Amino acid sequence: MPMSPTSRSVRDEVQNFLDHLLSADVALLANPTVVSAAPTHSDPRRVAVSWPEPDSKFLPFRGSPGVATYVHWLSTSQYSAILFDGSLLQLTYLVGSEGICGHRLAYVPCPFELDVDLLRSEPVLDVCDAFGSVHTVALRSAVHFDYDEARSAPDHPTVHMSLNADSCRVPCVAPMRLGHFVEWVFKHFYATLWQSDRYLRSLARSGWGGPTISEPQAQGLHLSWAR
Amino acid sequence: MSLEVVRGESRNRAIAQALIEQIAAVVQSGTVYLGYPVLASADDKVQVDALLVSEEHGLVAFQYADNNPADAADMQRYVDQQDRLYAVLDSNLRRHDGLRRGRGLRVEINTATVFPTAVDAPDVADGIYCGMAEVADRLAVLPPLEPDAMEALHAALQRVSTIKPAKKRESVTGTSSRGAKIKQIEKGIANLDAWQKRAAIENPDGPQRIRGLAGSGKTVVLALKAAYLHSYYPDWKIAVTFHSRALYQQIQDLVTRFSFEHSNDAPNFERLRIMHSWGSARRAGIYSEIATALNAPVRDWAFARSAFGSDDAFSGVCDELLSIARQSKVEPIYDAVLIDEAQDLPPSFFKLVYMFTKEPKRVVWGYDELQRLSEGAMPTMEELFGTNEAGENLVSLEDVPGEARRDITLPVCYRNTPWALATAHALGFGIYRHDGPIQHFDDPQTWLDIGYRPVSGVLQAGRSVELERQAGSYPAYFTELLEPNDAVQFHRFGNETEQDTWLAHSILNDLHAEELEPDDILIVLPNTYTSKRRYSSVARALHTVGVASHLAGVSTSLDELFVPNSVAVAHIFRAKGNEAPMVYVLDAQHASLGPDRITRRNTLFTAVTRSRAWVRICSYGPSADEVATEAQEIEARQFRLAFRVPSPAELSVMRRLHRDKAAGDPEKARHAAQVVGQLLDAFDQGELDIDDLPPDLRSRLRSRLSEADADEPDV
């Protein structure tokens, strides 16, 4: 994979991954991965690789995502895939004339522990309505890996991981390839699946961009991986 | 021809009967509507106690007066009322092109106020003012209608322009495109037929049943009936209830529009309540409201599923509540309850509704005749409502002469073309299945009840017969506008990708060359369990050709099925109760897989009958052989059904063989079936030989197959 992937290759990589999730019954449903125009003043050829009609903002309102956010995303199809347990994957890459120039890779756990069989056959929110309660609620935060050069600042690392709060931005060494994100999600949250699914482990993890972390950020707590 | 009486709500039955006798003396053929139409001026409702439509004496609207006028001022009141009636009728009729001539009307509007005894007509007033005994004489001098005005008048009275919000279809420019044809069909659907009108207006003092095939207009009739009763009795507590949550929006919409059409006002939803049969934490339903009234625990789905199993969840909670109700003092809640999709609701629900409806127990239920294709499954009146202490049925549907009908059948199927319906029956029953049908009616005469006629042979057990849809069981616009081999098509593919790719290009053609709109198209997936996954690949194929789509019911069951600018995809339970001009049934080979054959065939039946004009039945892979072969036979026989009517003994064997076997663990059974499928694929592709299997496995397999062969009847 070249250091500067094309939008087509990025789209294919994402789509192939989603197709695998479907065929392996890991995903209940996956939206098509599409390439749409996302021009800027400085890069009129920039495109977004994402699900059809993504919200322009990650969060439609201020604050950390909660149950209401999950309901909103589900109701408005703001996801790349719904996993078998009701969790969401949101995969968006921005590709400019120089290659990958942005991403938001999010894992949104389902707020409740739900019957996976019911999730397969019934509407997800109906199952949440019927079985979601204080006894089934799962205190889990959404996790997302963002790459945004335009907002880069000392307290806003170019590539960072967020969880629990807006202010949480753990610096990351470089833009994240899909394979690294998949490893993060499945190795840590679906360990058995990770061990048994060779395809997930085989996804390419060579870099999609050079290091973006600053020296001060690299001196502190940060996430790094071989590229 | 004779004088027909449609018995709507009547302020005074005795007066109504007397009026009918007067009319019958001078009118040989026509229709008298009692308590219809319900009209309103800009300010108020206008009373129409009776409306006569006859060729002999035209249109006459009657108002009853309870007493003769005491003085001139009293008489003036009656004059004002009659003038208001005339004005509203005039305004109403002028909306219809067929009744206008220039700036006037082709039909003279006669109005009459009928007093108990003879009166002096007011000095300056139009219209008839007379005693009951004079009505016949006054009618006799009224001129006849113009020769072809009768049809236009009936169409105007039967027209409910708000049944469907007519799509403008501005993009339709062709005259022979599918878009042009469906535009014509939608215009035709706007008219209720005489059966539907009668069913909507006639309300006996007691229970009433409305039967008909899917697509015969029952939901529309029930909504119209609810709006009609509400406008007549605004203080009544009326509930309209149903099984599928998806109907909520549709029924609310219809009731609202009908109310505006008749009363110039929105319904009062505090009194006219649209309620799901169960209810939820967010919204009361009939069950939850009754449970609350009894101070009994309101069981939710989670509890019910755990206590009674998924399949019996609702019947379980209703049974439980009924036991409580029978031990309690019951205060009825409702003045009238209208139940749609009755075939999907348990008998204990009906018993509860009956208990909680005030005398004279106005419970109206509509059900799809034979939606489940097994007539024997429909409960009797005794099973539905129970018996009294003397052992007599609480509910009888026998008509009482001179009263509104209690049992109405809607014989015309408006939704489906005759070819789609015949195809659905052929596939649903397995008429042309190689090993013979898998289900059949208990009584062969039922075929006639649902609109078939024998073309040859004899419709008797043990005899061969060939049936076709009879003219009159479907509206004429189907044969005028559509061709059978365009209305129903079968397509077979090598694999799923091929099917989905073809689907995408076919839909592209529908949207461009054929001028249909995205929300005219419905894709039905027969397998609920895999529908989300299947949708993903369908969506991708559609997206590749630039067509947007959505899967209804991903997030909630209250999702609207049809969304502008997007093709709807739905699994069979979500599609039920809905319809679309163009329907694609995917993965039809699903009907041939698995042990639950009857359910799968019923699913195929339901899927095909979602189509309003065109249906494409698609299958793929080796397991498509069965459906594909049956499809060829259906086409070769030009949508006629030729079969040997099973004898009672054969029917019994059929039921035993093809009964839906309740697997202890459906997921386990499904997984096992998949594994067997993989095994067979391995055999087919040469990856495995049967001799590769361990000997004990080989002999168990052979033994099991031999047992299955022995079970098959010699049909």
# chains A, B, ... in the order shown; residues from 1 in each chain; ligands from 1
>>> select_by_dssp(residues="stretch 106-222 of chain A", states="strand (DSSP E)", output="JSON, numbers by chain")
{"A": [106, 107, 108, 143, 144, 145, 146, 147, 148, 159, 160, 161, 162, 163, 170, 171]}
>>> write_last_selection(atoms="N, CA and C atoms", output="short mmCIF file (atom, residue, chain, number, x, y, z; two decimals), in the first residue's frame")
data_model
loop_
_atom_site.label_atom_id
_atom_site.label_comp_id
_atom_site.auth_asym_id
_atom_site.auth_seq_id
_atom_site.Cartn_x
_atom_site.Cartn_y
_atom_site.Cartn_z
N ALA A 106 -14.33 5.68 14.85
CA ALA A 106 -15.01 5.62 16.15
C ALA A 106 -15.59 4.25 16.42
N TYR A 107 -15.49 3.85 17.65
CA TYR A 107 -16.16 2.65 18.14
C TYR A 107 -17.14 3.11 19.21
N VAL A 108 -18.42 2.85 18.98
CA VAL A 108 -19.46 3.31 19.90
C VAL A 108 -20.12 2.08 20.51
N VAL A 143 -15.12 5.51 21.82
CA VAL A 143 -13.69 5.81 21.62
C VAL A 143 -13.52 6.25 20.18
N HIS A 144 -12.83 7.34 19.97
CA HIS A 144 -12.58 7.71 18.58
C HIS A 144 -11.16 8.22 18.38
N PHE A 145 -10.65 7.93 17.21
CA PHE A 145 -9.31 8.35 16.80
C PHE A 145 -9.47 9.38 15.70
N ASP A 146 -9.03 10.60 16.00
CA ASP A 146 -9.23 11.69 15.05
C ASP A 146 -7.89 12.18 14.49
N TYR A 147 -7.92 12.50 13.23
CA TYR A 147 -6.76 13.11 12.57
C TYR A 147 -7.28 14.38 11.92
N ASP A 148 -6.78 15.53 12.39
CA ASP A 148 -7.30 16.81 11.89
C ASP A 148 -6.18 17.83 11.94
N VAL A 159 -3.14 14.01 15.63
CA VAL A 159 -3.86 12.74 15.70
C VAL A 159 -4.01 12.40 17.18
N HIS A 160 -5.19 12.12 17.60
CA HIS A 160 -5.41 11.83 19.02
C HIS A 160 -6.54 10.85 19.21
N MET A 161 -6.51 10.21 20.39
CA MET A 161 -7.59 9.32 20.79
C MET A 161 -8.40 10.02 21.88
N SER A 162 -9.73 9.91 21.75
CA SER A 162 -10.60 10.51 22.76
C SER A 162 -11.50 9.45 23.35
N LEU A 163 -11.71 9.56 24.67
CA LEU A 163 -12.75 8.76 25.29
C LEU A 163 -13.23 9.49 26.53
N VAL A 170 -5.57 11.98 23.78
CA VAL A 170 -4.30 11.29 23.98
C VAL A 170 -3.54 11.33 22.65
N PRO A 171 -2.36 11.92 22.61
CA PRO A 171 -1.65 12.03 21.33
C PRO A 171 -1.36 10.66 20.72
#
>>> residues_around(residues="B:Tyr620", least_positions_apart="5", cutoff="10 Å", atoms="only C-alpha atoms", output="number ranges by chain")
B: 491-499, 586-590, 625, 627-628
>>> write_last_selection(atoms="all heavy atoms", output="compact mmCIF listing (two decimals), in the first residue's frame")
# COMPACT_ATOMS: atom_id res chain seq x y z
N HIS B 491 -37.57 -14.34 -12.02
CA HIS B 491 -36.18 -14.26 -12.49
C HIS B 491 -35.32 -15.17 -11.63
O HIS B 491 -35.42 -15.13 -10.40
CB HIS B 491 -35.68 -12.81 -12.40
CG HIS B 491 -36.41 -11.87 -13.32
ND1 HIS B 491 -36.05 -11.71 -14.64
CD2 HIS B 491 -37.47 -11.07 -13.10
CE1 HIS B 491 -36.87 -10.83 -15.20
NE2 HIS B 491 -37.75 -10.43 -14.29
N ARG B 492 -34.48 -15.92 -12.29
CA ARG B 492 -33.61 -16.84 -11.56
C ARG B 492 -32.16 -16.50 -11.89
O ARG B 492 -31.82 -16.20 -13.03
CB ARG B 492 -33.92 -18.27 -11.96
CG ARG B 492 -33.09 -19.23 -11.16
CD ARG B 492 -33.34 -20.64 -11.51
NE ARG B 492 -32.48 -21.48 -10.69
CZ ARG B 492 -32.54 -22.79 -10.69
NH1 ARG B 492 -33.43 -23.41 -11.45
NH2 ARG B 492 -31.73 -23.50 -9.93
N PHE B 493 -31.30 -16.60 -10.86
CA PHE B 493 -29.90 -16.21 -11.03
C PHE B 493 -28.99 -17.29 -10.47
O PHE B 493 -29.41 -18.14 -9.69
CB PHE B 493 -29.64 -14.87 -10.32
CG PHE B 493 -30.55 -13.78 -10.78
CD1 PHE B 493 -31.73 -13.53 -10.12
CD2 PHE B 493 -30.25 -13.04 -11.92
CE1 PHE B 493 -32.61 -12.55 -10.56
CE2 PHE B 493 -31.10 -12.05 -12.36
CZ PHE B 493 -32.29 -11.81 -11.69
N GLY B 494 -27.72 -17.19 -10.88
CA GLY B 494 -26.76 -18.18 -10.42
C GLY B 494 -26.40 -18.00 -8.96
O GLY B 494 -26.22 -18.98 -8.22
N ASN B 495 -26.29 -16.74 -8.53
CA ASN B 495 -25.89 -16.50 -7.15
C ASN B 495 -26.45 -15.17 -6.66
O ASN B 495 -27.09 -14.42 -7.43
CB ASN B 495 -24.35 -16.53 -7.01
CG ASN B 495 -23.69 -15.57 -7.98
OD1 ASN B 495 -24.04 -14.39 -8.03
ND2 ASN B 495 -22.73 -16.05 -8.76
N GLU B 496 -26.19 -14.88 -5.41
CA GLU B 496 -26.77 -13.69 -4.78
C GLU B 496 -26.27 -12.41 -5.45
O GLU B 496 -27.06 -11.48 -5.69
CB GLU B 496 -26.37 -13.71 -3.29
CG GLU B 496 -26.94 -12.57 -2.47
CD GLU B 496 -26.43 -12.60 -1.04
OE1 GLU B 496 -26.89 -13.46 -0.27
OE2 GLU B 496 -25.58 -11.76 -0.70
N THR B 497 -25.00 -12.37 -5.78
CA THR B 497 -24.45 -11.15 -6.38
C THR B 497 -25.11 -10.86 -7.72
O THR B 497 -25.46 -9.72 -8.03
CB THR B 497 -22.93 -11.30 -6.57
OG1 THR B 497 -22.34 -11.61 -5.30
CG2 THR B 497 -22.30 -10.03 -7.11
N GLU B 498 -25.30 -11.92 -8.48
CA GLU B 498 -25.96 -11.76 -9.78
C GLU B 498 -27.38 -11.20 -9.60
O GLU B 498 -27.82 -10.31 -10.32
CB GLU B 498 -26.05 -13.14 -10.44
CG GLU B 498 -25.78 -13.16 -11.93
CD GLU B 498 -25.87 -14.60 -12.45
OE1 GLU B 498 -24.89 -15.36 -12.24
OE2 GLU B 498 -26.91 -14.94 -13.04
N GLN B 499 -28.05 -11.75 -8.61
CA GLN B 499 -29.43 -11.30 -8.35
C GLN B 499 -29.42 -9.82 -7.97
O GLN B 499 -30.19 -9.03 -8.48
CB GLN B 499 -30.05 -12.13 -7.23
CG GLN B 499 -31.43 -11.66 -6.82
CD GLN B 499 -31.92 -12.31 -5.52
OE1 GLN B 499 -32.87 -13.08 -5.51
NE2 GLN B 499 -31.28 -11.99 -4.43
N LEU B 586 -36.97 -10.84 -3.12
CA LEU B 586 -35.64 -11.44 -3.30
C LEU B 586 -35.55 -12.78 -2.56
O LEU B 586 -36.32 -13.05 -1.63
CB LEU B 586 -34.57 -10.50 -2.75
CG LEU B 586 -34.44 -9.12 -3.41
CD1 LEU B 586 -33.21 -8.39 -2.87
CD2 LEU B 586 -34.35 -9.25 -4.92
N ASP B 587 -34.58 -13.57 -2.99
CA ASP B 587 -34.26 -14.82 -2.29
C ASP B 587 -35.48 -15.72 -2.14
O ASP B 587 -35.71 -16.31 -1.07
CB ASP B 587 -33.68 -14.52 -0.89
CG ASP B 587 -32.53 -13.52 -0.92
OD1 ASP B 587 -32.01 -13.23 -2.02
OD2 ASP B 587 -32.15 -13.03 0.16
N ALA B 588 -36.28 -15.80 -3.19
CA ALA B 588 -37.53 -16.58 -3.10
C ALA B 588 -37.27 -18.06 -2.84
O ALA B 588 -38.18 -18.77 -2.41
CB ALA B 588 -38.36 -16.40 -4.36
N GLN B 589 -36.04 -18.50 -3.06
CA GLN B 589 -35.73 -19.92 -2.78
C GLN B 589 -35.84 -20.22 -1.30
O GLN B 589 -35.90 -21.38 -0.89
CB GLN B 589 -34.33 -20.29 -3.29
CG GLN B 589 -33.16 -19.76 -2.49
CD GLN B 589 -32.81 -18.31 -2.84
OE1 GLN B 589 -33.44 -17.73 -3.71
NE2 GLN B 589 -31.85 -17.74 -2.14
N HIS B 590 -35.90 -19.19 -0.51
CA HIS B 590 -36.11 -19.34 0.94
C HIS B 590 -37.35 -20.18 1.23
O HIS B 590 -37.42 -20.89 2.23
CB HIS B 590 -36.25 -17.93 1.54
CG HIS B 590 -36.52 -17.91 3.00
ND1 HIS B 590 -37.80 -17.78 3.53
CD2 HIS B 590 -35.70 -17.98 4.06
CE1 HIS B 590 -37.73 -17.78 4.85
NE2 HIS B 590 -36.47 -17.90 5.20
N ASP B 625 -34.51 -24.32 -7.60
CA ASP B 625 -35.15 -25.22 -8.57
C ASP B 625 -36.66 -25.32 -8.35
O ASP B 625 -37.45 -25.21 -9.29
CB ASP B 625 -34.57 -26.64 -8.45
CG ASP B 625 -33.26 -26.77 -9.21
OD1 ASP B 625 -32.95 -25.86 -10.02
OD2 ASP B 625 -32.55 -27.77 -8.99
N VAL B 627 -38.95 -23.44 -6.68
CA VAL B 627 -39.75 -22.25 -6.98
C VAL B 627 -39.71 -21.93 -8.48
O VAL B 627 -40.73 -21.56 -9.08
CB VAL B 627 -39.26 -21.04 -6.15
CG1 VAL B 627 -39.87 -19.76 -6.63
CG2 VAL B 627 -39.58 -21.25 -4.68
N ALA B 628 -38.56 -22.09 -9.07
CA ALA B 628 -38.42 -21.76 -10.50
C ALA B 628 -39.31 -22.67 -11.35
O ALA B 628 -39.95 -22.22 -12.31
CB ALA B 628 -36.96 -21.87 -10.92
>>> atom_distance(atom1="atom CA of B:Leu593", atom2="atom CA of B:Pro437")
15.5 Å
>>> interface_residues(of="chain A", to="chain B", cutoff="10 Å", atoms="only C-alpha atoms", output="PyMOL selection string")
chain A and resi 15+18-19+21-23+25-34+52+71-77+81-82+117-132
>>> atom_distance(atom1="atom CA of B:Asp340", atom2="atom CA of B:Gly316")
20.1 Å
>>> decode(residues="stretch 94-108 of chain A", atoms="all heavy atoms", output="PDB file, in the first residue's frame")
ATOM      1  N   LEU A  94     -10.569  11.276   5.211  1.00  0.00           N
ATOM      2  CA  LEU A  94     -10.499  12.358   4.243  1.00  0.00           C
ATOM      3  C   LEU A  94      -9.243  12.144   3.410  1.00  0.00           C
ATOM      4  O   LEU A  94      -8.149  11.908   3.966  1.00  0.00           O
ATOM      5  CB  LEU A  94     -10.424  13.709   4.960  1.00  0.00           C
ATOM      6  CG  LEU A  94     -11.670  14.069   5.780  1.00  0.00           C
ATOM      7  CD1 LEU A  94     -11.445  15.333   6.602  1.00  0.00           C
ATOM      8  CD2 LEU A  94     -12.871  14.257   4.865  1.00  0.00           C
ATOM      9  N   VAL A  95      -9.420  12.193   2.097  1.00  0.00           N
ATOM     10  CA  VAL A  95      -8.285  11.951   1.207  1.00  0.00           C
ATOM     11  C   VAL A  95      -8.130  13.159   0.298  1.00  0.00           C
ATOM     12  O   VAL A  95      -9.073  13.554  -0.397  1.00  0.00           O
ATOM     13  CB  VAL A  95      -8.506  10.679   0.354  1.00  0.00           C
ATOM     14  CG1 VAL A  95      -7.266  10.398  -0.490  1.00  0.00           C
ATOM     15  CG2 VAL A  95      -8.845   9.492   1.222  1.00  0.00           C
ATOM     16  N   GLY A  96      -6.934  13.755   0.363  1.00  0.00           N
ATOM     17  CA  GLY A  96      -6.684  14.923  -0.479  1.00  0.00           C
ATOM     18  C   GLY A  96      -5.701  14.590  -1.579  1.00  0.00           C
ATOM     19  O   GLY A  96      -5.376  13.414  -1.812  1.00  0.00           O
ATOM     20  N   SER A  97      -5.206  15.630  -2.205  1.00  0.00           N
ATOM     21  CA  SER A  97      -4.291  15.386  -3.319  1.00  0.00           C
ATOM     22  C   SER A  97      -2.964  14.796  -2.835  1.00  0.00           C
ATOM     23  O   SER A  97      -2.216  14.211  -3.611  1.00  0.00           O
ATOM     24  CB  SER A  97      -4.069  16.663  -4.120  1.00  0.00           C
ATOM     25  OG  SER A  97      -4.055  17.786  -3.290  1.00  0.00           O
ATOM     26  N   GLU A  98      -2.666  14.948  -1.536  1.00  0.00           N
ATOM     27  CA  GLU A  98      -1.408  14.406  -0.998  1.00  0.00           C
ATOM     28  C   GLU A  98      -1.611  13.081  -0.291  1.00  0.00           C
ATOM     29  O   GLU A  98      -0.687  12.541   0.299  1.00  0.00           O
ATOM     30  CB  GLU A  98      -0.812  15.395   0.024  1.00  0.00           C
ATOM     31  CG  GLU A  98      -0.611  16.814  -0.505  1.00  0.00           C
ATOM     32  CD  GLU A  98       0.519  16.883  -1.514  1.00  0.00           C
ATOM     33  OE1 GLU A  98       1.583  16.281  -1.239  1.00  0.00           O
ATOM     34  OE2 GLU A  98       0.340  17.498  -2.573  1.00  0.00           O
ATOM     35  N   GLY A  99      -2.823  12.571  -0.266  1.00  0.00           N
ATOM     36  CA  GLY A  99      -3.088  11.308   0.436  1.00  0.00           C
ATOM     37  C   GLY A  99      -4.030  11.546   1.597  1.00  0.00           C
ATOM     38  O   GLY A  99      -4.822  12.495   1.607  1.00  0.00           O
ATOM     39  N   ILE A 100      -3.926  10.697   2.609  1.00  0.00           N
ATOM     40  CA  ILE A 100      -4.805  10.808   3.773  1.00  0.00           C
ATOM     41  C   ILE A 100      -4.542  12.141   4.462  1.00  0.00           C
ATOM     42  O   ILE A 100      -3.399  12.460   4.800  1.00  0.00           O
ATOM     43  CB  ILE A 100      -4.527   9.666   4.775  1.00  0.00           C
ATOM     44  CG1 ILE A 100      -4.762   8.300   4.125  1.00  0.00           C
ATOM     45  CG2 ILE A 100      -5.386   9.835   6.029  1.00  0.00           C
ATOM     46  CD1 ILE A 100      -6.212   7.959   3.899  1.00  0.00           C
ATOM     47  N   CYS A 101      -5.593  12.900   4.687  1.00  0.00           N
ATOM     48  CA  CYS A 101      -5.413  14.199   5.343  1.00  0.00           C
ATOM     49  C   CYS A 101      -6.361  14.352   6.529  1.00  0.00           C
ATOM     50  O   CYS A 101      -6.483  15.424   7.114  1.00  0.00           O
ATOM     51  CB  CYS A 101      -5.590  15.345   4.352  1.00  0.00           C
ATOM     52  SG  CYS A 101      -7.197  15.357   3.552  1.00  0.00           S
ATOM     53  N   GLY A 102      -7.052  13.301   6.867  1.00  0.00           N
ATOM     54  CA  GLY A 102      -7.934  13.379   8.040  1.00  0.00           C
ATOM     55  C   GLY A 102      -8.643  12.062   8.234  1.00  0.00           C
ATOM     56  O   GLY A 102      -8.758  11.248   7.317  1.00  0.00           O
ATOM     57  N   HIS A 103      -9.041  11.823   9.473  1.00  0.00           N
ATOM     58  CA  HIS A 103      -9.901  10.655   9.710  1.00  0.00           C
ATOM     59  C   HIS A 103     -10.640  10.805  11.028  1.00  0.00           C
ATOM     60  O   HIS A 103     -10.257  11.595  11.908  1.00  0.00           O
ATOM     61  CB  HIS A 103      -9.145   9.333   9.650  1.00  0.00           C
ATOM     62  CG  HIS A 103      -8.073   9.114  10.691  1.00  0.00           C
ATOM     63  ND1 HIS A 103      -8.282   9.147  12.059  1.00  0.00           N
ATOM     64  CD2 HIS A 103      -6.760   8.791  10.529  1.00  0.00           C
ATOM     65  CE1 HIS A 103      -7.151   8.898  12.691  1.00  0.00           C
ATOM     66  NE2 HIS A 103      -6.204   8.673  11.785  1.00  0.00           N
ATOM     67  N   ARG A 104     -11.721  10.095  11.127  1.00  0.00           N
ATOM     68  CA  ARG A 104     -12.422   9.877  12.393  1.00  0.00           C
ATOM     69  C   ARG A 104     -12.809   8.413  12.401  1.00  0.00           C
ATOM     70  O   ARG A 104     -13.590   7.971  11.570  1.00  0.00           O
ATOM     71  CB  ARG A 104     -13.643  10.755  12.524  1.00  0.00           C
ATOM     72  CG  ARG A 104     -14.519  10.346  13.726  1.00  0.00           C
ATOM     73  CD  ARG A 104     -15.260  11.500  14.299  1.00  0.00           C
ATOM     74  NE  ARG A 104     -14.367  12.382  15.024  1.00  0.00           N
ATOM     75  CZ  ARG A 104     -14.734  13.538  15.560  1.00  0.00           C
ATOM     76  NH1 ARG A 104     -15.956  13.957  15.431  1.00  0.00           N
ATOM     77  NH2 ARG A 104     -13.862  14.280  16.207  1.00  0.00           N
ATOM     78  N   LEU A 105     -12.219   7.681  13.293  1.00  0.00           N
ATOM     79  CA  LEU A 105     -12.492   6.244  13.407  1.00  0.00           C
ATOM     80  C   LEU A 105     -13.073   6.033  14.796  1.00  0.00           C
ATOM     81  O   LEU A 105     -12.387   6.249  15.790  1.00  0.00           O
ATOM     82  CB  LEU A 105     -11.191   5.439  13.247  1.00  0.00           C
ATOM     83  CG  LEU A 105     -10.378   5.784  11.993  1.00  0.00           C
ATOM     84  CD1 LEU A 105      -9.021   5.078  12.003  1.00  0.00           C
ATOM     85  CD2 LEU A 105     -11.150   5.398  10.730  1.00  0.00           C
ATOM     86  N   ALA A 106     -14.330   5.675  14.854  1.00  0.00           N
ATOM     87  CA  ALA A 106     -15.012   5.618  16.150  1.00  0.00           C
ATOM     88  C   ALA A 106     -15.593   4.247  16.416  1.00  0.00           C
ATOM     89  O   ALA A 106     -16.150   3.599  15.522  1.00  0.00           O
ATOM     90  CB  ALA A 106     -16.120   6.664  16.213  1.00  0.00           C
ATOM     91  N   TYR A 107     -15.486   3.846  17.654  1.00  0.00           N
ATOM     92  CA  TYR A 107     -16.157   2.646  18.145  1.00  0.00           C
ATOM     93  C   TYR A 107     -17.137   3.114  19.212  1.00  0.00           C
ATOM     94  O   TYR A 107     -16.730   3.734  20.203  1.00  0.00           O
ATOM     95  CB  TYR A 107     -15.139   1.664  18.717  1.00  0.00           C
ATOM     96  CG  TYR A 107     -15.767   0.532  19.518  1.00  0.00           C
ATOM     97  CD1 TYR A 107     -16.573  -0.422  18.911  1.00  0.00           C
ATOM     98  CD2 TYR A 107     -15.546   0.435  20.896  1.00  0.00           C
ATOM     99  CE1 TYR A 107     -17.153  -1.452  19.645  1.00  0.00           C
ATOM    100  CE2 TYR A 107     -16.131  -0.594  21.633  1.00  0.00           C
ATOM    101  CZ  TYR A 107     -16.928  -1.533  21.007  1.00  0.00           C
ATOM    102  OH  TYR A 107     -17.498  -2.548  21.735  1.00  0.00           O
ATOM    103  N   VAL A 108     -18.416   2.851  18.979  1.00  0.00           N
ATOM    104  CA  VAL A 108     -19.460   3.315  19.901  1.00  0.00           C
ATOM    105  C   VAL A 108     -20.120   2.081  20.505  1.00  0.00           C
ATOM    106  O   VAL A 108     -20.960   1.436  19.864  1.00  0.00           O
ATOM    107  CB  VAL A 108     -20.515   4.161  19.158  1.00  0.00           C
ATOM    108  CG1 VAL A 108     -21.555   4.706  20.128  1.00  0.00           C
ATOM    109  CG2 VAL A 108     -19.852   5.285  18.384  1.00  0.00           C
TER     110      VAL A 108
END
